[in-house]
Structures are given as structure tokens and as C-alpha cells.
Amino acid sequence: MVTGCGGFVAGSVVWQAGAEWEVHALSRGKPLTHRDGLLWHSFDLLDATRLRTAFHEAKPDAVIHAAAIADIDYCESHQDVAEAVNVGVTREIAQLCRETGAKMVFLSTDTVFDGEKGNYREEDPPGPVNFYAETKVRAEKTAAEATDSFAIARLSLVMGLPLLGAGNSFLSRMMTSFREGRQIGVPDNEIRSPIDVVTLGRALLELAGNNFTGVIHLAGNDRLSRIAMVQRIAGRLGYPSELVVAKSPGDIPGRARRPRDVSLNNSRARATLKTPMRSLDEGTELVLTAGRGSL
């Protein structure tokens, strides 16, 4: 079972799930694709009765819980909604996993850290600096305490093109701006270890099917600033670096505080998973190839 299937990451999971999986896709919107072995359930996850019914009908072996309100600025100004979805729904799904013995793969975020040191390992204590990250810290705790079998996957910045549906892809928006000759303003003081959406989908499917339990960081092999990342991608796409300009976070109205350096150490993922973690250049090539194939 995969939640949030109208979204960018869950779409990659559903698209790449092989014939060995019977996939139950949950989303608020209508089905985005049809194929053998894929069953789509359309309802709001805040409807606990519908969620419980779908869960007990499907009897999943594993649940990849990707659904969340991930807009950091929206969460900051709509905290009740963010709490209900990011924490409340996670609590309900964790309890259902406990009741049925399903493994829970919960998607968390690199921004659970305060960004003061970077290269964070799984054992480093969280230190959220915005409300979105606070909800993810509480949801991590809920998943770990409520379920017997769980994997908490902390994701770094996800890069790629949607494999299913529209999704929220900064690369898609970036390519549109470049084609129109418009400059892109990017914070130059934020450091990440971006992972491509294709590799991420494969890693999540692997976690759903293996015996790993605990916290794992899913991140790329490169640690670089967001502006350096966008400049490198622009070059790969054949656009001049002058289209990418530094923009101070203070110049972005309504922007919640972000941590400075939440690069993730991916040693555990590289040692545990068969799915290889990739460099930015390798990931870019992978998503461009996959994106062309899905259009």
C-alpha cells in the first residue's frame, strides 16, 4: 500500500513497482494510471473510517506512507492542518500496521535537523527549526513506538521529473523557466545532498520488501549548495549558468526558516541496500532518461 499517490515521490514508487507487487494506491484524486496488479483507492486520508476499511480489505504486507503536507511555508501558517495530516494520519496508519503486522515505511525529511553541522548520521539528535520539521519529528516517534516493524526513511532534497501525474518537481519548473529565458533565484546558503526520484522510488520499494528496521538516510553522494546544484543541472541541460542567480531567503516573502546545512550521511543506505545511491550527475542522467520514457 502506498499513500499520497498523487505526489512526486509516491508516483515514482507506483510507476516502478514490478509485477511481484500487488499495489494499492491511495490518493485524494482520481486514478492516474491503470495496469494489472494496481488497485486505486480515492479518498481523503483524514477519513479514518475509509482508511481503516481500505486497509483491512487490502491486508498489505507493507505500507509506504508518503502522504504529507510538505510545503514548509504552508505548514508554518496552517499548523492545525499540518498537525492533523503529518502526525494524526501517521498515527492512524502506524496503529493499523501494528494491528495487521504490516511493515511501515515512513517518509521523513532531512529538515528534522537544525543545519548547524551537516553530514548528519541517523544517530544525530533532531533539532527542527520550522513547524513542518516539528511534525515530522513527532511522526517519526509515533511510527517507531506504535509499530513492531518499521523503517523511517529520511529523504534529502528530491530531484527529478514526475513519473506519474504532475507532482511537485522543482526540476520541471526550472526547465520551464530556462526554456522561457527567465532567471531562477536560488538560496546560496543552503546545503543539501540531493537524491534523484528514480533511485528513491527503488530504495523505498526495497525497504518495503526487506527486513531492515530503524532509521535510514536516503540521500545522494554529493554535498553541495542549492545554487551549485541548480547551476550544474542547468549546464547539463545546455543552459547558461547566468540564468541561475543567488537569492537571499530574506527576500522571499512568507518564507519560514530553513536549516542551513542538512546534508545527510548515506553510509547506512550504501551498506544496507542493493539500490545504489548516486551522484548528482548520475541521478540527473537517470531522471532525464526515465522522464523521457514516461511522457
# chains A, B, ... in the order shown; residues from 1 in each chain; ligands from 1
call {"tool": "residues_around", "arguments": {"residues": "A:Glu140", "least_positions_apart": "4", "cutoff": "8 Å", "atoms": "only C-alpha atoms", "output": "list in words"}}
result
Phe106, Ser108, Lys136, Ala144 and Ile152 of chain A
call {"tool": "select_by_dssp", "arguments": {"residues": "stretch 137-236 of chain A", "states": "strand (DSSP E or B)", "output": "list in words"}}
result
Phe150, Ala151, Ile152, Ala153, Arg154, Leu155, Val158, Met159, Ile184, Gly185, Val186, Ile191, Arg192, Ile195, Asp196, Gly214, Val215, Ile216, His217, Leu218, Leu224 and Ser225 of chain A
call {"tool": "write_last_selection", "arguments": {"atoms": "N, CA and C atoms", "output": "short mmCIF file (atom, residue, chain, number, x, y, z; two decimals), in the first residue's frame"}}
result
data_model
loop_
_atom_site.label_atom_id
_atom_site.label_comp_id
_atom_site.auth_asym_id
_atom_site.auth_seq_id
_atom_site.Cartn_x
_atom_site.Cartn_y
_atom_site.Cartn_z
N PHE A 150 9.20 -1.36 11.27
CA PHE A 150 9.15 -0.04 10.64
C PHE A 150 10.51 0.33 10.08
N ALA A 151 10.47 1.21 9.08
CA ALA A 151 11.67 1.87 8.56
C ALA A 151 11.33 3.35 8.42
N ILE A 152 12.12 4.18 9.05
CA ILE A 152 11.96 5.62 8.92
C ILE A 152 13.01 6.10 7.91
N ALA A 153 12.54 6.50 6.75
CA ALA A 153 13.44 6.93 5.68
C ALA A 153 13.47 8.45 5.65
N ARG A 154 14.58 9.02 6.05
CA ARG A 154 14.75 10.48 5.97
C ARG A 154 15.28 10.82 4.58
N LEU A 155 14.52 11.63 3.86
CA LEU A 155 14.85 11.95 2.48
C LEU A 155 15.57 13.28 2.40
N VAL A 158 14.70 16.01 -3.06
CA VAL A 158 14.41 15.06 -4.12
C VAL A 158 14.39 15.78 -5.47
N MET A 159 15.16 15.27 -6.41
CA MET A 159 15.33 15.90 -7.71
C MET A 159 14.83 14.96 -8.80
N ILE A 184 16.33 32.17 -12.52
CA ILE A 184 15.84 31.48 -11.33
C ILE A 184 16.65 31.95 -10.13
N GLY A 185 15.97 32.41 -9.10
CA GLY A 185 16.64 32.81 -7.87
C GLY A 185 16.70 31.64 -6.90
N VAL A 186 17.90 31.31 -6.43
CA VAL A 186 18.10 30.14 -5.58
C VAL A 186 18.91 30.55 -4.34
N ILE A 191 22.67 23.99 2.06
CA ILE A 191 23.45 22.86 1.57
C ILE A 191 22.64 21.57 1.72
N ARG A 192 22.62 20.78 0.66
CA ARG A 192 21.85 19.55 0.64
C ARG A 192 22.67 18.42 0.01
N ILE A 195 18.89 13.60 -3.83
CA ILE A 195 18.70 12.24 -4.35
C ILE A 195 17.71 12.32 -5.50
N ASP A 196 17.94 11.54 -6.54
CA ASP A 196 17.01 11.55 -7.67
C ASP A 196 15.80 10.68 -7.35
N GLY A 214 14.43 0.40 11.49
CA GLY A 214 15.15 1.52 12.08
C GLY A 214 15.12 2.74 11.18
N VAL A 215 16.09 3.63 11.39
CA VAL A 215 16.17 4.88 10.64
C VAL A 215 17.24 4.75 9.56
N ILE A 216 16.97 5.29 8.39
CA ILE A 216 17.94 5.23 7.29
C ILE A 216 17.87 6.53 6.50
N HIS A 217 19.01 7.05 6.12
CA HIS A 217 19.09 8.28 5.34
C HIS A 217 19.21 7.95 3.86
N LEU A 218 18.24 8.41 3.09
CA LEU A 218 18.25 8.22 1.63
C LEU A 218 18.66 9.54 1.00
N LEU A 224 26.35 19.65 -1.65
CA LEU A 224 26.59 20.90 -2.35
C LEU A 224 25.47 21.90 -2.07
N SER A 225 25.75 23.17 -2.33
CA SER A 225 24.74 24.21 -2.11
C SER A 225 23.64 24.07 -3.14
#
call {"tool": "closest_residue", "arguments": {"among": "A:Asp80, A:Asp148, A:Glu285, A:Glu116", "to": "A:Glu99", "atoms": "only C-alpha atoms"}}
result
A:Asp148
call {"tool": "select_by_dssp", "arguments": {"residues": "stretch 52-175 of chain A", "states": "helix (DSSP H, G or I)", "output": "PyMOL selection string"}}
result
chain A and resi 52-58+72-77+79-100+110-112+131-146+170-175
call {"tool": "residues_around", "arguments": {"residues": "A:Ser156", "least_positions_apart": "6", "cutoff": "12 Å", "atoms": "only C-alpha atoms", "output": "PyMOL selection string"}}
result
chain A and resi 9+107-113+118-120+191-197+200+216-224+226+261-266+277
call {"tool": "closest_residue", "arguments": {"among": "A:Arg268, A:Lys117, A:Arg179, A:Arg138", "to": "A:Ala234", "atoms": "only C-alpha atoms"}}
result
A:Arg179
call {"tool": "closest_atom_pairs", "arguments": {"of": "stretch 115-212 of chain A", "to": "stretch 58-66 of chain A", "cutoff": "9 Å", "atoms": "only C-alpha atoms", "output": "JSON lines"}}
result
{"residue": "A:Leu204", "atom": "CA", "partner": "A:Ile64", "partner_atom": "CA", "distance": 7.4}
{"residue": "A:Leu205", "atom": "CA", "partner": "A:Ile64", "partner_atom": "CA", "distance": 8.1}
{"residue": "A:Leu207", "atom": "CA", "partner": "A:Ile64", "partner_atom": "CA", "distance": 9.0}
{"residue": "A:Ala208", "atom": "CA", "partner": "A:Ala62", "partner_atom": "CA", "distance": 5.6}
{"residue": "A:Gly209", "atom": "CA", "partner": "A:Ala62", "partner_atom": "CA", "distance": 7.5}
call {"tool": "residues_around", "arguments": {"residues": "A:Thr275", "least_positions_apart": "2", "cutoff": "7 Å", "atoms": "only C-alpha atoms", "output": "JSON, numbers by chain"}}
result
{"A": [202, 203, 273, 277]}
